[in-house]
file my_file.cif (mmCIF, C-alpha atoms)
data_my_file
loop_
_atom_site.label_atom_id
_atom_site.label_comp_id
_atom_site.auth_asym_id
_atom_site.auth_seq_id
_atom_site.Cartn_x
_atom_site.Cartn_y
_atom_site.Cartn_z
CA MET A 1 0.00 0.00 0.00
CA ILE A 2 1.24 3.48 -0.91
CA ILE A 3 1.15 6.02 1.92
CA LEU A 4 1.72 9.71 1.28
CA HIS A 5 2.87 11.72 4.29
CA HIS A 6 1.18 14.95 3.35
CA LEU A 7 1.86 18.39 4.82
CA ASN A 8 -0.69 21.11 4.19
CA ASN A 9 0.33 23.87 1.75
CA SER A 10 3.38 22.00 0.57
CA ARG A 11 5.05 20.33 -2.37
CA SER A 12 3.30 17.08 -1.48
CA GLN A 13 0.26 18.39 -3.37
CA ARG A 14 2.17 17.46 -6.53
CA ILE A 15 2.47 13.87 -5.36
CA LEU A 16 -1.26 13.66 -4.74
CA TRP A 17 -1.82 14.87 -8.28
CA MET A 18 0.59 12.27 -9.70
CA LEU A 19 -1.11 9.50 -7.75
CA GLU A 20 -4.47 10.62 -9.14
CA GLU A 21 -3.14 10.80 -12.71
CA LEU A 22 -1.91 7.22 -12.35
CA GLN A 23 -5.16 6.18 -10.63
CA LEU A 24 -3.22 4.42 -7.90
CA PRO A 25 -4.73 3.38 -4.56
CA TYR A 26 -3.13 5.23 -1.66
CA THR A 27 -3.73 6.51 1.83
CA ILE A 28 -2.82 9.89 3.31
CA GLU A 29 -1.13 10.59 6.64
CA ARG A 30 -1.82 14.27 7.31
CA TYR A 31 0.43 16.80 9.03
CA GLN A 32 -0.27 20.46 9.80
CA ARG A 33 2.19 23.34 9.78
CA ASP A 34 2.72 25.33 12.96
CA GLU A 35 0.56 28.45 12.59
CA LYS A 36 3.31 30.74 13.92
CA THR A 37 6.48 29.29 12.42
CA MET A 38 4.88 27.62 9.36
CA LEU A 39 7.24 24.69 9.95
CA ALA A 40 6.31 21.02 9.71
CA PRO A 41 5.61 19.20 12.97
CA ALA A 42 8.40 17.23 14.63
CA SER A 43 6.40 14.02 14.10
CA LEU A 44 7.45 14.00 10.44
CA LYS A 45 11.00 13.20 11.58
CA LYS A 46 9.74 9.79 12.64
CA ILE A 47 9.17 9.08 8.95
CA HIS A 48 12.25 10.79 7.49
CA PRO A 49 15.22 12.33 9.38
CA LEU A 50 14.82 15.73 7.71
CA GLY A 51 11.22 16.07 8.80
CA LYS A 52 10.13 17.44 5.43
CA SER A 53 7.22 16.70 3.14
CA PRO A 54 6.48 15.05 0.79
CA VAL A 55 7.53 11.59 1.87
CA LEU A 56 6.18 8.56 0.04
CA GLN A 57 6.03 5.14 1.67
CA ASP A 58 5.61 2.18 -0.66
CA GLY A 59 5.88 -0.99 1.34
CA ASP A 60 9.27 -0.90 3.07
CA LEU A 61 10.53 1.84 0.75
CA ILE A 62 10.69 5.44 2.01
CA ILE A 63 11.29 8.18 -0.59
CA ALA A 64 11.70 11.91 0.00
CA GLU A 65 12.08 14.83 -2.45
CA SER A 66 9.19 15.52 -4.80
CA GLY A 67 11.21 15.09 -8.00
CA ALA A 68 12.56 11.72 -6.88
CA ILE A 69 9.07 10.61 -5.84
CA LEU A 70 7.54 11.63 -9.17
CA GLU A 71 10.25 9.79 -11.09
CA TYR A 72 9.82 6.70 -8.92
CA LEU A 73 6.06 6.66 -9.48
CA GLN A 74 6.46 7.17 -13.22
CA GLU A 75 9.09 4.46 -13.60
CA THR A 76 7.29 1.97 -11.35
CA TYR A 77 3.61 2.47 -12.12
CA ASP A 78 3.29 4.31 -15.44
CA LEU A 79 3.38 1.09 -17.40
CA GLN A 80 2.10 2.68 -20.62
CA GLY A 81 4.59 5.53 -20.46
CA LEU A 82 1.89 8.20 -20.54
CA LEU A 83 3.70 10.65 -18.25
CA LYS A 84 7.18 10.57 -19.80
CA PRO A 85 7.83 11.40 -23.48
CA ALA A 86 9.33 8.75 -25.71
CA ASP A 87 11.29 10.78 -28.25
CA PRO A 88 14.83 11.86 -27.26
CA SER A 89 14.33 15.61 -27.74
CA SER A 90 11.21 15.77 -25.60
CA ARG A 91 12.78 13.48 -23.01
CA LEU A 92 15.69 15.89 -22.67
CA GLN A 93 13.23 18.72 -22.05
CA TYR A 94 11.46 16.50 -19.54
CA ARG A 95 14.65 15.91 -17.59
CA TYR A 96 15.58 19.59 -17.70
CA TRP A 97 12.28 20.91 -16.31
CA MET A 98 12.13 18.18 -13.66
CA HIS A 99 15.38 19.62 -12.27
CA TYR A 100 14.81 23.29 -13.08
CA ALA A 101 11.69 23.46 -10.91
CA GLU A 102 13.55 22.97 -7.64
CA GLY A 103 17.10 23.79 -8.72
CA SER A 104 16.55 27.21 -10.33
CA LEU A 105 13.06 28.61 -9.76
CA MET A 106 12.03 27.53 -6.25
CA PRO A 107 15.08 29.01 -4.44
CA LEU A 108 14.11 32.47 -5.71
CA LEU A 109 10.49 32.00 -4.67
CA VAL A 110 11.56 30.89 -1.20
CA MET A 111 13.75 33.98 -0.94
CA LYS A 112 10.80 36.12 -2.04
CA LEU A 113 8.68 34.58 0.71
CA ILE A 114 11.32 35.01 3.42
CA PHE A 115 12.26 38.59 2.59
CA GLY A 116 8.56 39.45 2.27
CA ARG A 117 8.08 38.43 5.90
CA LEU A 118 10.80 40.68 7.25
CA GLY A 119 9.33 43.45 9.34
CA LYS A 120 6.31 41.37 10.35
CA PRO A 121 5.49 39.44 13.54
CA PRO A 122 6.98 37.53 15.30
CA MET A 123 9.93 39.86 14.68
CA PRO A 124 10.31 42.35 17.59
CA TRP A 125 8.40 45.53 16.79
CA LEU A 126 11.44 47.76 17.44
CA ILE A 127 13.33 46.45 14.43
CA ARG A 128 10.38 45.80 12.11
CA PRO A 129 10.74 49.09 10.14
CA ILE A 130 14.44 48.47 9.42
CA ALA A 131 13.93 44.79 8.64
CA GLY A 132 10.96 45.59 6.41
CA ALA A 133 12.98 48.15 4.47
CA ILE A 134 15.80 45.64 3.99
CA GLY A 135 13.34 43.01 2.80
CA LYS A 136 11.77 45.36 0.26
CA GLY A 137 15.18 46.49 -0.97
CA VAL A 138 16.41 42.95 -1.57
CA GLN A 139 13.20 42.06 -3.38
CA GLN A 140 13.19 45.12 -5.62
CA ASN A 141 16.89 45.15 -6.43
CA TYR A 142 17.55 41.45 -6.82
CA ILE A 143 14.76 38.89 -6.38
CA ASP A 144 12.07 40.56 -8.50
CA LYS A 145 14.51 41.16 -11.34
CA GLN A 146 15.52 37.51 -11.30
CA LEU A 147 11.92 36.36 -11.20
CA ALA A 148 11.10 38.59 -14.17
CA THR A 149 13.88 36.88 -16.12
CA HIS A 150 12.57 33.44 -15.22
CA ALA A 151 8.97 34.37 -16.00
CA ALA A 152 10.01 35.60 -19.46
CA TYR A 153 12.06 32.44 -20.00
CA ILE A 154 9.14 30.16 -19.11
CA GLU A 155 6.75 32.26 -21.21
CA ASP A 156 9.04 31.93 -24.22
CA HIS A 157 9.17 28.14 -23.80
CA LEU A 158 5.39 27.87 -23.54
CA THR A 159 4.85 29.96 -26.66
CA LYS A 160 6.65 27.18 -28.56
CA ASN A 161 5.44 24.14 -26.64
CA ALA A 162 1.99 23.10 -25.45
CA TRP A 163 3.52 21.48 -22.37
CA PHE A 164 6.90 21.61 -20.66
CA ALA A 165 8.21 18.45 -22.31
CA GLY A 166 6.81 19.22 -25.75
CA GLU A 167 3.37 18.49 -27.13
CA THR A 168 2.14 16.04 -24.50
CA PHE A 169 1.40 16.38 -20.81
CA SER A 170 3.99 14.72 -18.56
CA ALA A 171 5.28 14.49 -15.01
CA ALA A 172 7.42 17.53 -15.82
CA ASP A 173 4.22 19.59 -15.82
CA ILE A 174 3.32 18.18 -12.41
CA GLN A 175 6.78 19.06 -11.11
CA MET A 176 6.56 22.59 -12.50
CA SER A 177 3.08 23.21 -11.08
CA PHE A 178 4.15 24.15 -7.56
CA PRO A 179 6.76 26.80 -8.46
CA ILE A 180 4.59 28.32 -11.18
CA GLU A 181 1.58 28.55 -8.89
CA ALA A 182 3.88 30.18 -6.33
CA LEU A 183 5.22 32.53 -8.99
CA ALA A 184 1.71 33.51 -10.06
CA SER A 185 0.75 34.26 -6.44
CA ARG A 186 3.84 36.37 -5.63
CA PHE A 187 4.75 38.03 -8.91
CA PRO A 188 2.71 39.79 -11.64
CA THR A 189 2.07 37.56 -14.65
CA ASP A 190 0.18 40.01 -16.86
CA LYS A 191 2.97 39.76 -19.44
CA THR A 192 2.90 35.96 -19.53
CA PRO A 193 -0.36 34.88 -21.22
CA HIS A 194 0.95 31.44 -22.21
CA LEU A 195 2.01 30.75 -18.64
CA LYS A 196 -1.50 31.64 -17.46
CA GLN A 197 -3.02 29.45 -20.18
CA TRP A 198 -0.86 26.55 -19.04
CA LEU A 199 -2.00 27.09 -15.44
CA ALA A 200 -5.63 27.02 -16.55
CA LYS A 201 -5.03 23.76 -18.44
CA ILE A 202 -3.46 21.92 -15.54
CA GLN A 203 -6.04 23.17 -13.05
CA ALA A 204 -8.83 21.89 -15.31
CA ARG A 205 -7.50 18.34 -15.32
CA PRO A 206 -9.79 15.96 -13.36
CA ALA A 207 -6.82 14.40 -11.53
CA TYR A 208 -5.61 17.83 -10.42
CA GLN A 209 -9.07 18.70 -9.08
CA GLN A 210 -9.37 15.35 -7.30
CA ALA A 211 -5.95 15.89 -5.71
CA LEU A 212 -7.18 19.21 -4.34
CA LYS A 213 -10.16 17.47 -2.77
CA GLN A 214 -7.87 14.89 -1.20
CA GLY A 215 -5.25 17.36 0.00
CA GLY A 216 -7.53 20.00 1.44
CA PRO A 217 -7.20 23.80 1.16
CA TYR A 218 -4.07 24.77 -0.72
CA GLN A 219 -2.33 28.13 -0.48
CA ILE A 220 1.23 28.99 -1.43
#
call {"tool": "encode", "arguments": {"input": "my_file.cif", "output": "structure tokens"}}
result
Amino acid sequence: MIILHHLNNSRSQRILWMLEELQLPYTIERYQRDEKTMLAPASLKKIHPLGKSPVLQDGDLIIAESGAILEYLQETYDLQGLLKPADPSSRLQYRYWMHYAEGSLMPLLVMKLIFGRLGKPPMPWLIRPIAGAIGKGVQQNYIDKQLATHAAYIEDHLTKNAWFAGETFSAADIQMSFPIEALASRFPTDKTPHLKQWLAKIQARPAYQQALKQGGPYQI
């Protein structure tokens, strides 16, 4: 039996979606973030030493990291090869975007989130004005410029490709969903119509909608 150790508002939403796309039976062990720190509960460390989510349990096998989990599920259960392109060119794109999502885009979005919280509780009120000014300065002078570059890069790719790995939907689209949804929530996307069209397409997929029902409210 597959068990997904699922943390609210986290990358594990992608794993739920993949499980639904593959129509696999699974159960969910739910964990809630601390309302003040937004960190995962210590109980997750009983499953994996890092105490992060997602963690997939398949029999005696424990797998962490969303990209590794998606690849494992595709290689093990996608017997018809529906979620990984067959031709070499598209497969290269598939591999690239599977790594780009967490290696290039997500670090900037995490920085955006962290620096956006400077100057807010629980930071001591005496230093909030200074911290807030520093956070805004870093965002305006570095993070936002980098995100604009990435948004334009993704937009250019999607003007030439229906999906991230070419003309067919794949696990690369599932992997890219979390950072792009985060990008759309933290950065203006009025100049990226193809990116917004792609978001609408993935969110209309029945498996995506079923994953939302299984995972509960989802905000990033």
call {"tool": "closest_atom_pairs", "arguments": {"input": "my_file.cif", "of": "range 150-192 of chain A", "to": "range 101-122 of chain A", "cutoff": "12 Å", "atoms": "only C-alpha atoms", "output": "tab-separated table"}}
result
residue	atom	partner	partner_atom	distance
A:His150	CA	A:Leu105	CA	7.3
A:Ala151	CA	A:Leu105	CA	9.4
A:Tyr153	CA	A:Leu105	CA	11.0
A:Ile154	CA	A:Leu105	CA	10.3
A:Phe164	CA	A:Ala101	CA	11.0
A:Ala171	CA	A:Ala101	CA	11.8
A:Ala172	CA	A:Ala101	CA	8.8
A:Asp173	CA	A:Ala101	CA	9.7
A:Ile174	CA	A:Ala101	CA	10.0
A:Gln175	CA	A:Ala101	CA	6.6
A:Met176	CA	A:Ala101	CA	5.4
A:Ser177	CA	A:Ala101	CA	8.6
A:Phe178	CA	A:Ala101	CA	8.3
A:Pro179	CA	A:Met106	CA	5.8
A:Ile180	CA	A:Leu105	CA	8.6
A:Glu181	CA	A:Leu109	CA	10.4
A:Ala182	CA	A:Leu109	CA	7.1
A:Leu183	CA	A:Leu109	CA	6.8
A:Ala184	CA	A:Leu109	CA	10.4
A:Ser185	CA	A:Leu109	CA	10.2
A:Arg186	CA	A:Lys112	CA	7.8
A:Phe187	CA	A:Leu109	CA	9.3
call {"tool": "resolve_selection", "arguments": {"input": "my_file.cif", "expression": "the PyMOL selection byres ((chain A and resi 59-72) around 10)", "output": "ChimeraX atom specification"}}
result
/A:1-5,11-15,17-19,47-48,50-58,73-78,83-84,95,98-99,101-102,171-172,174-176
call {"tool": "write_last_selection", "arguments": {"input": "my_file.cif", "atoms": "C-alpha atoms", "output": "tab-separated table (two decimals), in the coordinates of the input"}}
result
chain	number	residue	atom	x	y	z
A	1	MET	CA	0.00	0.00	0.00
A	2	ILE	CA	1.24	3.48	-0.91
A	3	ILE	CA	1.15	6.02	1.92
A	4	LEU	CA	1.72	9.71	1.28
A	5	HIS	CA	2.87	11.72	4.29
A	11	ARG	CA	5.05	20.33	-2.37
A	12	SER	CA	3.30	17.08	-1.48
A	13	GLN	CA	0.26	18.39	-3.37
A	14	ARG	CA	2.17	17.46	-6.53
A	15	ILE	CA	2.47	13.87	-5.36
A	17	TRP	CA	-1.82	14.87	-8.28
A	18	MET	CA	0.59	12.27	-9.70
A	19	LEU	CA	-1.11	9.50	-7.75
A	47	ILE	CA	9.17	9.08	8.95
A	48	HIS	CA	12.25	10.79	7.49
A	50	LEU	CA	14.82	15.73	7.71
A	51	GLY	CA	11.22	16.07	8.80
A	52	LYS	CA	10.13	17.44	5.43
A	53	SER	CA	7.22	16.70	3.14
A	54	PRO	CA	6.48	15.05	0.79
A	55	VAL	CA	7.53	11.59	1.87
A	56	LEU	CA	6.18	8.56	0.04
A	57	GLN	CA	6.03	5.14	1.67
A	58	ASP	CA	5.61	2.18	-0.66
A	73	LEU	CA	6.06	6.66	-9.48
A	74	GLN	CA	6.46	7.17	-13.22
A	75	GLU	CA	9.09	4.46	-13.60
A	76	THR	CA	7.29	1.97	-11.35
A	77	TYR	CA	3.61	2.47	-12.12
A	78	ASP	CA	3.29	4.31	-15.44
A	83	LEU	CA	3.70	10.65	-18.25
A	84	LYS	CA	7.18	10.57	-19.80
A	95	ARG	CA	14.65	15.91	-17.59
A	98	MET	CA	12.13	18.18	-13.66
A	99	HIS	CA	15.38	19.62	-12.27
A	101	ALA	CA	11.69	23.46	-10.91
A	102	GLU	CA	13.55	22.97	-7.64
A	171	ALA	CA	5.28	14.49	-15.01
A	172	ALA	CA	7.42	17.53	-15.82
A	174	ILE	CA	3.32	18.18	-12.41
A	175	GLN	CA	6.78	19.06	-11.11
A	176	MET	CA	6.56	22.59	-12.50
call {"tool": "resolve_selection", "arguments": {"input": "my_file.cif", "expression": "the PyMOL selection byres ((chain A and resi 200-206) around 9)", "output": "count of residues only"}}
result
15
call {"tool": "atom_distance", "arguments": {"input": "my_file.cif", "atom1": "CA of Gln146 in chain A", "atom2": "CA of Pro188 in chain A"}}
result
13.0 Å
call {"tool": "closest_residue", "arguments": {"input": "my_file.cif", "among": "A:Leu24, A:Leu16, A:Leu7, A:Leu79", "to": "Ser43 in chain A", "atoms": "only C-alpha atoms"}}
result
A:Leu7
call {"tool": "resolve_selection", "arguments": {"input": "my_file.cif", "expression": "the PyMOL selection byres ((chain A and resi 32) around 6)", "output": "NGL selection string"}}
result
:A and (7-8 or 31 or 33)
call {"tool": "axis_aligned_box", "arguments": {"input": "my_file.cif", "around": "range 196-208 of chain A", "padding_each_side": "8 Å", "output": "AutoDock Vina command-line options"}}
result
--center_x -5.3 --center_y 23.0 --center_z -15.3 --size_x 24.9 --size_y 33.2 --size_z 25.8
call {"tool": "atom_distance", "arguments": {"input": "my_file.cif", "atom1": "CA of Lys36 in chain A", "atom2": "CA of Pro49 in chain A"}}
result
22.4 Å
call {"tool": "residues_around", "arguments": {"input": "my_file.cif", "residues": "His194 in chain A", "least_positions_apart": "6", "cutoff": "7 Å", "atoms": "only C-alpha atoms", "output": "list in words"}}
result
Glu155, Leu158 and Thr159 of chain A
call {"tool": "atom_distance", "arguments": {"input": "my_file.cif", "atom1": "CA of Leu92 in chain A", "atom2": "CA of Thr189 in chain A"}}
result
26.8 Å
call {"tool": "residues_around", "arguments": {"input": "my_file.cif", "residues": "Gln93 in chain A", "least_positions_apart": "3", "cutoff": "12 Å", "atoms": "all atoms listed in the file", "output": "ChimeraX atom specification"}}
result
/A:84-90,96-100,157,161,163-168,170-173
call {"tool": "closest_residue", "arguments": {"input": "my_file.cif", "among": "A:Ile127, A:Gln214, A:Leu44, A:Tyr94", "to": "Tyr26 in chain A", "atoms": "all atoms listed in the file"}}
result
A:Gln214
call {"tool": "closest_residue", "arguments": {"input": "my_file.cif", "among": "A:Thr149, A:Thr192, A:Ser10, A:Gln80", "to": "Arg30 in chain A", "atoms": "all atoms listed in the file"}}
result
A:Ser10
